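J.: I'd like to ask some things about the structure below.
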Amino acid sequence: MAGTSNKMWGGLFGESPDAIMEEINVSIDVDRALYAQDIAASKAHAAMLATQGIITAKDAKQIAGGLDTILSEITKGKFTFKRALEDIHMNVESRLGELIGPASGRLHTARSRNDQVATDFRLFVRDTLDALDESFAAFQQALVERALEHAGTVMPGFTHLQTAQPVTFGHHLMAYVEMAARDRGRFADARKRLNESPLGAAALAGTSFPIDRHATAKSLGFDRPMANSLDAVSDRDFVLETLSAASIAAVHLSRFAEEIVIWTSPLVGLVRLSDKFTTGSSIMPQKRNPDAAELVRAKTGRVIGALTGLLIVMKGLPLAYQKDMQEDKQGAMEAFSALSLAIRAMTGMVRDLVPDETRMHAAAGEGYATATDLADWLVRTLKMPFRDAHHVTGKIVGIATRQGVPLHEVPLKDMQAVEPKITAAALAVLSVESSVKSRVSYGGTAPKNVLAQAKAWLKRLEKERK
Ligand code: ARG
């Protein structure tokens, strides 16, 4: 049955693969997403082969023309992907044969699918990193704009999810700008290390043809060719690194999503989302569910799952290429889509959410949130050691609790019973406004700090876009 064996590698093979062999081997359903990168890399390779005199200029021209046709067929949805042809590389090459005939067979000179797939996927991950960076910059932009709007809006700050000290809503939002900046830094680092070309490593050992790997690297926008051919075909660090940066970023988004879920709960009621980012319940008419935030929180599982999955795929693999590595793409691609959706949903929610300023203000003063301000006053004005001031304040909080009043409503004489030197001036520091205003240390929550930081970020983001 010679005619039914695979025409790409079937020289030795008399029989077709078993149906289950084909089923487990095929990757076209996943790696068809690499078509643009595959075609770009093939064009770079063919041009280099001609420049080096390995194929004729005429053949190279035919190959390039055929590849362009294939690209447009695929983008227009007019290309038939065949599972029998296993993967994107063989689908493209086979179609090239139909289009240009024998010259197509010269494209694979001095190349293997091993360096081909490594190149394609690097290019794909690089495009992904660039797109993610753009989305995270848009997220930062939305946060900064809302922070400017709410630089002076007081809300409760929490530790242990217990009311701790008043902060401003703008300050809280700016925290996520910093987190996103680190995420973008990690994407940039991953991109830098990723940007070396495996093309020309061939199957694993390099090639005897006089190829120019520097030329193909350059034409594909890589900084240089990878130095070791075995490493070039077997390295998947670039996926792992991107997934790990993506996992940390997803964790950030998940934490923020969790805050939105908490804030919008009627029990808390600090923030409201509009109809655009909530759903109703089919049975409970009063419900307004933060589904988008919940799904952002959940998508994190996919991203971390993909990282864990690929680490496990890679952990036992000897050099160089092993077919296991074909499993590097599906989870990673799903993770990238999940993160891309999550960041866009978060950006939408940041633009949509409306803080309940009255509720935030009231909540900021609950739970004796300005107790530290009283202790600080005792230290500053009475020169009391902080530990003693903490003790005195604790006693006054005890009185307030027994009387069932906020700190600033504890009668002065009751405070003086604890510490005779306390004066009415101390009461002035107990408002939530004066509390946040006083936090002027670098990075602190004072509205003027927040305003300055948000403005600086606005400039920085604008400069980046130029
Ligand atoms: N579809 C394969 C993958 O994604 C391409 C490389 C196949 N190489 C091979 N020697 N069978 O890994």
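Each chain in the structure tokens gets a letter, A, B, ..., in the order shown, and its residues are numbered from 1; ligands are numbered from 1 in order too.
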Please list as a PDB file with N, CA and C atoms, in the first residue's frame every residue within 7 Å of Phe81 of chain A, counting only C-alpha atoms and excluding residues in the same chain fewer than 2 positions away.
T.:
ATOM      1  N   PHE A  79      -8.642  27.813   3.056  1.00  0.00           N
ATOM      2  CA  PHE A  79      -7.625  26.763   3.092  1.00  0.00           C
ATOM      3  C   PHE A  79      -8.220  25.528   3.761  1.00  0.00           C
ATOM      4  N   ARG A  83      -6.092  16.750   8.492  1.00  0.00           N
ATOM      5  CA  ARG A  83      -5.575  16.053   9.677  1.00  0.00           C
ATOM      6  C   ARG A  83      -4.549  14.998   9.269  1.00  0.00           C
ATOM      7  N   ASN A  91       1.015  20.775   6.416  1.00  0.00           N
ATOM      8  CA  ASN A  91      -0.139  21.297   5.665  1.00  0.00           C
ATOM      9  C   ASN A  91       0.302  22.392   4.704  1.00  0.00           C
TER      10      ASN A  91
END
J.: Do you know which residues are within 12 Å of ligand 1 using only C-alpha atoms and all ligand atoms? Can you write them as a ChimeraX atom specification?
T.: /A:8-9,24-34,38,83,85-91,111-121,202-204,233-236,320-330
J.: Excluding same-chain residues fewer than 2 positions from segment 185-194 of chain A, what lies within 6 Å of it counting only C-alpha atoms, as a PDB file with all heavy atoms, in the first residue's frame?
T.:
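Final file, result_19.pdb:
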ATOM      1  N   ARG A 182       5.070  45.772  37.270  1.00  0.00           N
ATOM      2  CA  ARG A 182       5.983  44.626  37.438  1.00  0.00           C
ATOM      3  C   ARG A 182       5.628  43.511  36.458  1.00  0.00           C
ATOM      4  O   ARG A 182       6.520  42.850  35.915  1.00  0.00           O
ATOM      5  CB  ARG A 182       5.941  44.111  38.883  1.00  0.00           C
ATOM      6  CG  ARG A 182       6.570  45.055  39.888  1.00  0.00           C
ATOM      7  CD  ARG A 182       6.805  44.361  41.225  1.00  0.00           C
ATOM      8  NE  ARG A 182       5.568  43.943  41.872  1.00  0.00           N
ATOM      9  CZ  ARG A 182       4.808  44.731  42.631  1.00  0.00           C
ATOM     10  NH1 ARG A 182       5.164  45.975  42.855  1.00  0.00           N
ATOM     11  NH2 ARG A 182       3.704  44.259  43.192  1.00  0.00           N
ATOM     12  N   ASP A 183       4.338  43.293  36.234  1.00  0.00           N
ATOM     13  CA  ASP A 183       3.938  42.279  35.248  1.00  0.00           C
ATOM     14  C   ASP A 183       4.519  42.615  33.880  1.00  0.00           C
ATOM     15  O   ASP A 183       5.083  41.759  33.206  1.00  0.00           O
ATOM     16  CB  ASP A 183       2.405  42.208  35.149  1.00  0.00           C
ATOM     17  CG  ASP A 183       1.775  41.642  36.412  1.00  0.00           C
ATOM     18  OD1 ASP A 183       2.420  40.775  37.051  1.00  0.00           O
ATOM     19  OD2 ASP A 183       0.656  42.060  36.768  1.00  0.00           O
ATOM     20  N   GLU A 196      15.851  34.955  20.498  1.00  0.00           N
ATOM     21  CA  GLU A 196      16.965  34.361  19.757  1.00  0.00           C
ATOM     22  C   GLU A 196      16.383  33.297  18.835  1.00  0.00           C
ATOM     23  O   GLU A 196      15.429  32.620  19.194  1.00  0.00           O
ATOM     24  CB  GLU A 196      17.955  33.700  20.721  1.00  0.00           C
ATOM     25  CG  GLU A 196      18.680  34.696  21.610  1.00  0.00           C
ATOM     26  CD  GLU A 196      19.770  34.023  22.430  1.00  0.00           C
ATOM     27  OE1 GLU A 196      19.777  32.771  22.529  1.00  0.00           O
ATOM     28  OE2 GLU A 196      20.611  34.759  22.962  1.00  0.00           O
ATOM     29  N   PHE A 238      11.105  29.615  26.928  1.00  0.00           N
ATOM     30  CA  PHE A 238      10.377  30.834  26.557  1.00  0.00           C
ATOM     31  C   PHE A 238       8.880  30.710  26.819  1.00  0.00           C
ATOM     32  O   PHE A 238       8.231  31.688  27.163  1.00  0.00           O
ATOM     33  CB  PHE A 238      10.652  31.217  25.093  1.00  0.00           C
ATOM     34  CG  PHE A 238      10.163  30.217  24.072  1.00  0.00           C
ATOM     35  CD1 PHE A 238       8.963  30.426  23.412  1.00  0.00           C
ATOM     36  CD2 PHE A 238      10.904  29.086  23.762  1.00  0.00           C
ATOM     37  CE1 PHE A 238       8.504  29.512  22.465  1.00  0.00           C
ATOM     38  CE2 PHE A 238      10.450  28.164  22.815  1.00  0.00           C
ATOM     39  CZ  PHE A 238       9.249  28.375  22.167  1.00  0.00           C
ATOM     40  N   ALA A 245       5.255  34.394  34.044  1.00  0.00           N
ATOM     41  CA  ALA A 245       4.909  35.827  34.145  1.00  0.00           C
ATOM     42  C   ALA A 245       3.391  35.995  34.036  1.00  0.00           C
ATOM     43  O   ALA A 245       2.781  36.792  34.773  1.00  0.00           O
ATOM     44  CB  ALA A 245       5.608  36.616  33.049  1.00  0.00           C
TER      45      ALA A 245
END
J.: Counting only C-alpha atoms, which residue out of A:Thr80, A:Gln62, A:Thr75, A:Thr56 sits closest to Tyr35 of chain A?
T.: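 Looking only at the distances to Tyr35 of chain A, the closest residue turns out to be A:Thr75.
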J.: For Met155 of chain A, list every protein, DNA or RNA residue within 7 Å, evaluated using only C-alpha atoms, and leave out those in the same chain fewer than 3 positions away; present the list as a list in words.
T.: Pro166, Val167, Thr168, Phe169, Met360, His361, Ala363 and Ala364 of chain A
J.: So which bits of segment 90-210 of chain A end up helix (DSSP H, G or I) when you DSSP the backbone, as a count of residues only?
T.: 80
J.: Which residue is closest to Thr51 of chain A? Choose from A:Ala338, A:Val303, A:Ala424, A:Ile211 and count only C-alpha atoms.
T.: A:Ile211
J.: Could you check the closest approach to Ala249 of chain A for each of A:Glu93, A:Asp376, A:Asp291, A:Glu178 and tell me which residue wins, using only C-alpha atoms?
T.: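 Residue with the minimum atom-to-atom distance to Ala249 of chain A: A:Glu178.
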J.: Identify, with DSSP run on backbone atoms, the residues in segment 210-303 of chain A assigned to strand (DSSP E or B), and express the list as a PyMOL selection string.
T.: chain A and resi 224-225+271-272+279+289
J.: Counting only C-alpha atoms, which of A:Glu22, A:Glu258, A:Asp352, A:Glu241 gets nearest to Thr278 of chain A?
T.: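 Nearest candidate to Thr278 of chain A out of A:Glu22, A:Glu258, A:Asp352, A:Glu241: A:Asp352.
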J.: Skipping near chain neighbours, those fewer than 5 positions away, what residues fall within 12 Å of Ile304 of chain A using only C-alpha atoms, listed as a ChimeraX atom specification?
T.: /A:240-251,254,297-299,309-311,331-332,334-336,338-339
J.: For the selection just defined, write its residues with N, CA, C and O atoms to a file, as an mmCIF file, in the first residue's frame.
T.:
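Result file is result.cif:
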data_model
loop_
_atom_site.group_PDB
_atom_site.id
_atom_site.type_symbol
_atom_site.label_atom_id
_atom_site.label_comp_id
_atom_site.auth_asym_id
_atom_site.auth_seq_id
_atom_site.Cartn_x
_atom_site.Cartn_y
_atom_site.Cartn_z
ATOM 1 N N LEU A 240 7.635 28.562 29.187
ATOM 2 C CA LEU A 240 7.526 28.457 30.648
ATOM 3 C C LEU A 240 7.647 29.828 31.306
ATOM 4 O O LEU A 240 6.903 30.167 32.226
ATOM 5 N N GLU A 241 8.598 30.606 30.801
ATOM 6 C CA GLU A 241 8.835 31.921 31.400
ATOM 7 C C GLU A 241 7.634 32.838 31.176
ATOM 8 O O GLU A 241 7.216 33.567 32.071
ATOM 9 N N THR A 242 7.099 32.774 29.957
ATOM 10 C CA THR A 242 5.935 33.607 29.648
ATOM 11 C C THR A 242 4.736 33.158 30.477
ATOM 12 O O THR A 242 3.997 33.987 31.022
ATOM 13 N N LEU A 243 4.572 31.837 30.613
ATOM 14 C CA LEU A 243 3.460 31.340 31.427
ATOM 15 C C LEU A 243 3.643 31.694 32.893
ATOM 16 O O LEU A 243 2.668 31.941 33.604
ATOM 17 N N SER A 244 4.882 31.743 33.340
ATOM 18 C CA SER A 244 5.062 32.072 34.752
ATOM 19 C C SER A 244 4.806 33.561 34.973
ATOM 20 O O SER A 244 4.150 33.939 35.946
ATOM 21 N N ALA A 245 5.255 34.394 34.044
ATOM 22 C CA ALA A 245 4.909 35.827 34.145
ATOM 23 C C ALA A 245 3.391 35.995 34.036
ATOM 24 O O ALA A 245 2.781 36.792 34.773
ATOM 25 N N ALA A 246 2.781 35.211 33.145
ATOM 26 C CA ALA A 246 1.324 35.288 32.965
ATOM 27 C C ALA A 246 0.604 34.822 34.235
ATOM 28 O O ALA A 246 -0.427 35.377 34.611
ATOM 29 N N SER A 247 1.157 33.807 34.899
ATOM 30 C CA SER A 247 0.533 33.312 36.135
ATOM 31 C C SER A 247 0.543 34.374 37.223
ATOM 32 O O SER A 247 -0.458 34.576 37.917
ATOM 33 N N ILE A 248 1.673 35.046 37.372
ATOM 34 C CA ILE A 248 1.761 36.092 38.401
ATOM 35 C C ILE A 248 0.782 37.222 38.060
ATOM 36 O O ILE A 248 0.057 37.721 38.929
ATOM 37 N N ALA A 249 0.728 37.577 36.778
ATOM 38 C CA ALA A 249 -0.197 38.634 36.360
ATOM 39 C C ALA A 249 -1.647 38.210 36.620
ATOM 40 O O ALA A 249 -2.466 39.001 37.100
ATOM 41 N N ALA A 250 -1.942 36.939 36.323
ATOM 42 C CA ALA A 250 -3.308 36.435 36.540
ATOM 43 C C ALA A 250 -3.656 36.447 38.025
ATOM 44 O O ALA A 250 -4.797 36.719 38.407
ATOM 45 N N VAL A 251 -2.669 36.146 38.862
ATOM 46 C CA VAL A 251 -2.898 36.188 40.313
ATOM 47 C C VAL A 251 -3.230 37.618 40.752
ATOM 48 O O VAL A 251 -4.130 37.843 41.561
ATOM 49 N N SER A 254 -6.696 38.294 39.731
ATOM 50 C CA SER A 254 -7.604 37.517 40.567
ATOM 51 C C SER A 254 -7.803 38.186 41.934
ATOM 52 O O SER A 254 -8.914 38.214 42.467
ATOM 53 N N ARG A 297 -11.313 35.763 38.258
ATOM 54 C CA ARG A 297 -10.713 35.028 39.377
ATOM 55 C C ARG A 297 -10.508 33.569 38.968
ATOM 56 O O ARG A 297 -9.449 32.985 39.210
ATOM 57 N N ALA A 298 -11.484 32.995 38.312
ATOM 58 C CA ALA A 298 -11.404 31.572 37.951
ATOM 59 C C ALA A 298 -10.434 31.306 36.800
ATOM 60 O O ALA A 298 -9.766 30.275 36.771
ATOM 61 N N LYS A 299 -10.335 32.224 35.858
ATOM 62 C CA LYS A 299 -9.442 32.010 34.696
ATOM 63 C C LYS A 299 -7.992 31.840 35.151
ATOM 64 O O LYS A 299 -7.179 31.253 34.430
ATOM 65 N N GLY A 309 1.290 22.278 33.921
ATOM 66 C CA GLY A 309 1.226 21.201 32.938
ATOM 67 C C GLY A 309 2.485 21.124 32.095
ATOM 68 O O GLY A 309 3.055 20.046 31.901
ATOM 69 N N LEU A 310 2.964 22.266 31.621
ATOM 70 C CA LEU A 310 4.142 22.239 30.749
ATOM 71 C C LEU A 310 5.417 21.931 31.544
ATOM 72 O O LEU A 310 6.310 21.252 31.034
ATOM 73 N N LEU A 311 5.483 22.404 32.772
ATOM 74 C CA LEU A 311 6.645 22.047 33.601
ATOM 75 C C LEU A 311 6.721 20.529 33.738
ATOM 76 O O LEU A 311 7.792 19.927 33.659
ATOM 77 N N GLY A 331 -2.218 24.146 25.971
ATOM 78 C CA GLY A 331 -2.430 24.767 27.281
ATOM 79 C C GLY A 331 -1.956 26.207 27.287
ATOM 80 O O GLY A 331 -2.637 27.104 27.811
ATOM 81 N N ALA A 332 -0.792 26.424 26.662
ATOM 82 C CA ALA A 332 -0.236 27.786 26.641
ATOM 83 C C ALA A 332 -1.159 28.728 25.878
ATOM 84 O O ALA A 332 -1.472 29.824 26.341
ATOM 85 N N GLU A 334 -4.348 28.438 25.335
ATOM 86 C CA GLU A 334 -5.574 28.656 26.115
ATOM 87 C C GLU A 334 -5.310 29.632 27.257
ATOM 88 O O GLU A 334 -6.129 30.501 27.559
ATOM 89 N N ALA A 335 -4.144 29.475 27.867
ATOM 90 C CA ALA A 335 -3.795 30.365 28.983
ATOM 91 C C ALA A 335 -3.653 31.807 28.494
ATOM 92 O O ALA A 335 -4.138 32.744 29.138
ATOM 93 N N PHE A 336 -3.012 31.975 27.345
ATOM 94 C CA PHE A 336 -2.820 33.339 26.822
ATOM 95 C C PHE A 336 -4.174 33.976 26.493
ATOM 96 O O PHE A 336 -4.399 35.149 26.786
ATOM 97 N N ALA A 338 -7.020 33.212 27.873
ATOM 98 C CA ALA A 338 -7.722 33.458 29.142
ATOM 99 C C ALA A 338 -7.213 34.747 29.784
ATOM 100 O O ALA A 338 -7.997 35.581 30.252
ATOM 101 N N LEU A 339 -5.895 34.928 29.777
ATOM 102 C CA LEU A 339 -5.338 36.130 30.405
ATOM 103 C C LEU A 339 -5.710 37.376 29.608
ATOM 104 O O LEU A 339 -6.031 38.429 30.190
#
J.: Pull the closest atom pair for each residue of segment 296-381 of chain A that gets at most 9 Å from segment 135-152 of chain A, along with the distance in Å to one decimal, counting only C-alpha atoms, ordering rows by chain and then ascending residue number, as a tab-separated table.
T.:
residue	atom	partner	partner_atom	distance
A:Ser340	CA	A:Ser135	CA	7.4
A:Ile343	CA	A:Ser135	CA	6.7
A:Arg344	CA	A:Ser135	CA	6.8
A:Met346	CA	A:Phe139	CA	7.4
A:Thr347	CA	A:Phe139	CA	4.9
A:Gly348	CA	A:Ala142	CA	8.4
A:Val350	CA	A:Leu143	CA	6.4
A:Arg351	CA	A:Ala142	CA	6.1
J.: Compile the contact shell of Val392 of chain A as a list of chain:residue names: residues with an atom at most 8 Å away, counting only C-alpha atoms, same-chain residues fewer than 2 positions apart removed.
T.: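 Once the adjacent positions are removed, what remains is A:Ala375, A:Asp388, A:Ala389, A:His390, A:Gly394, A:Lys395, A:Ile396, A:Val418, A:Glu419.
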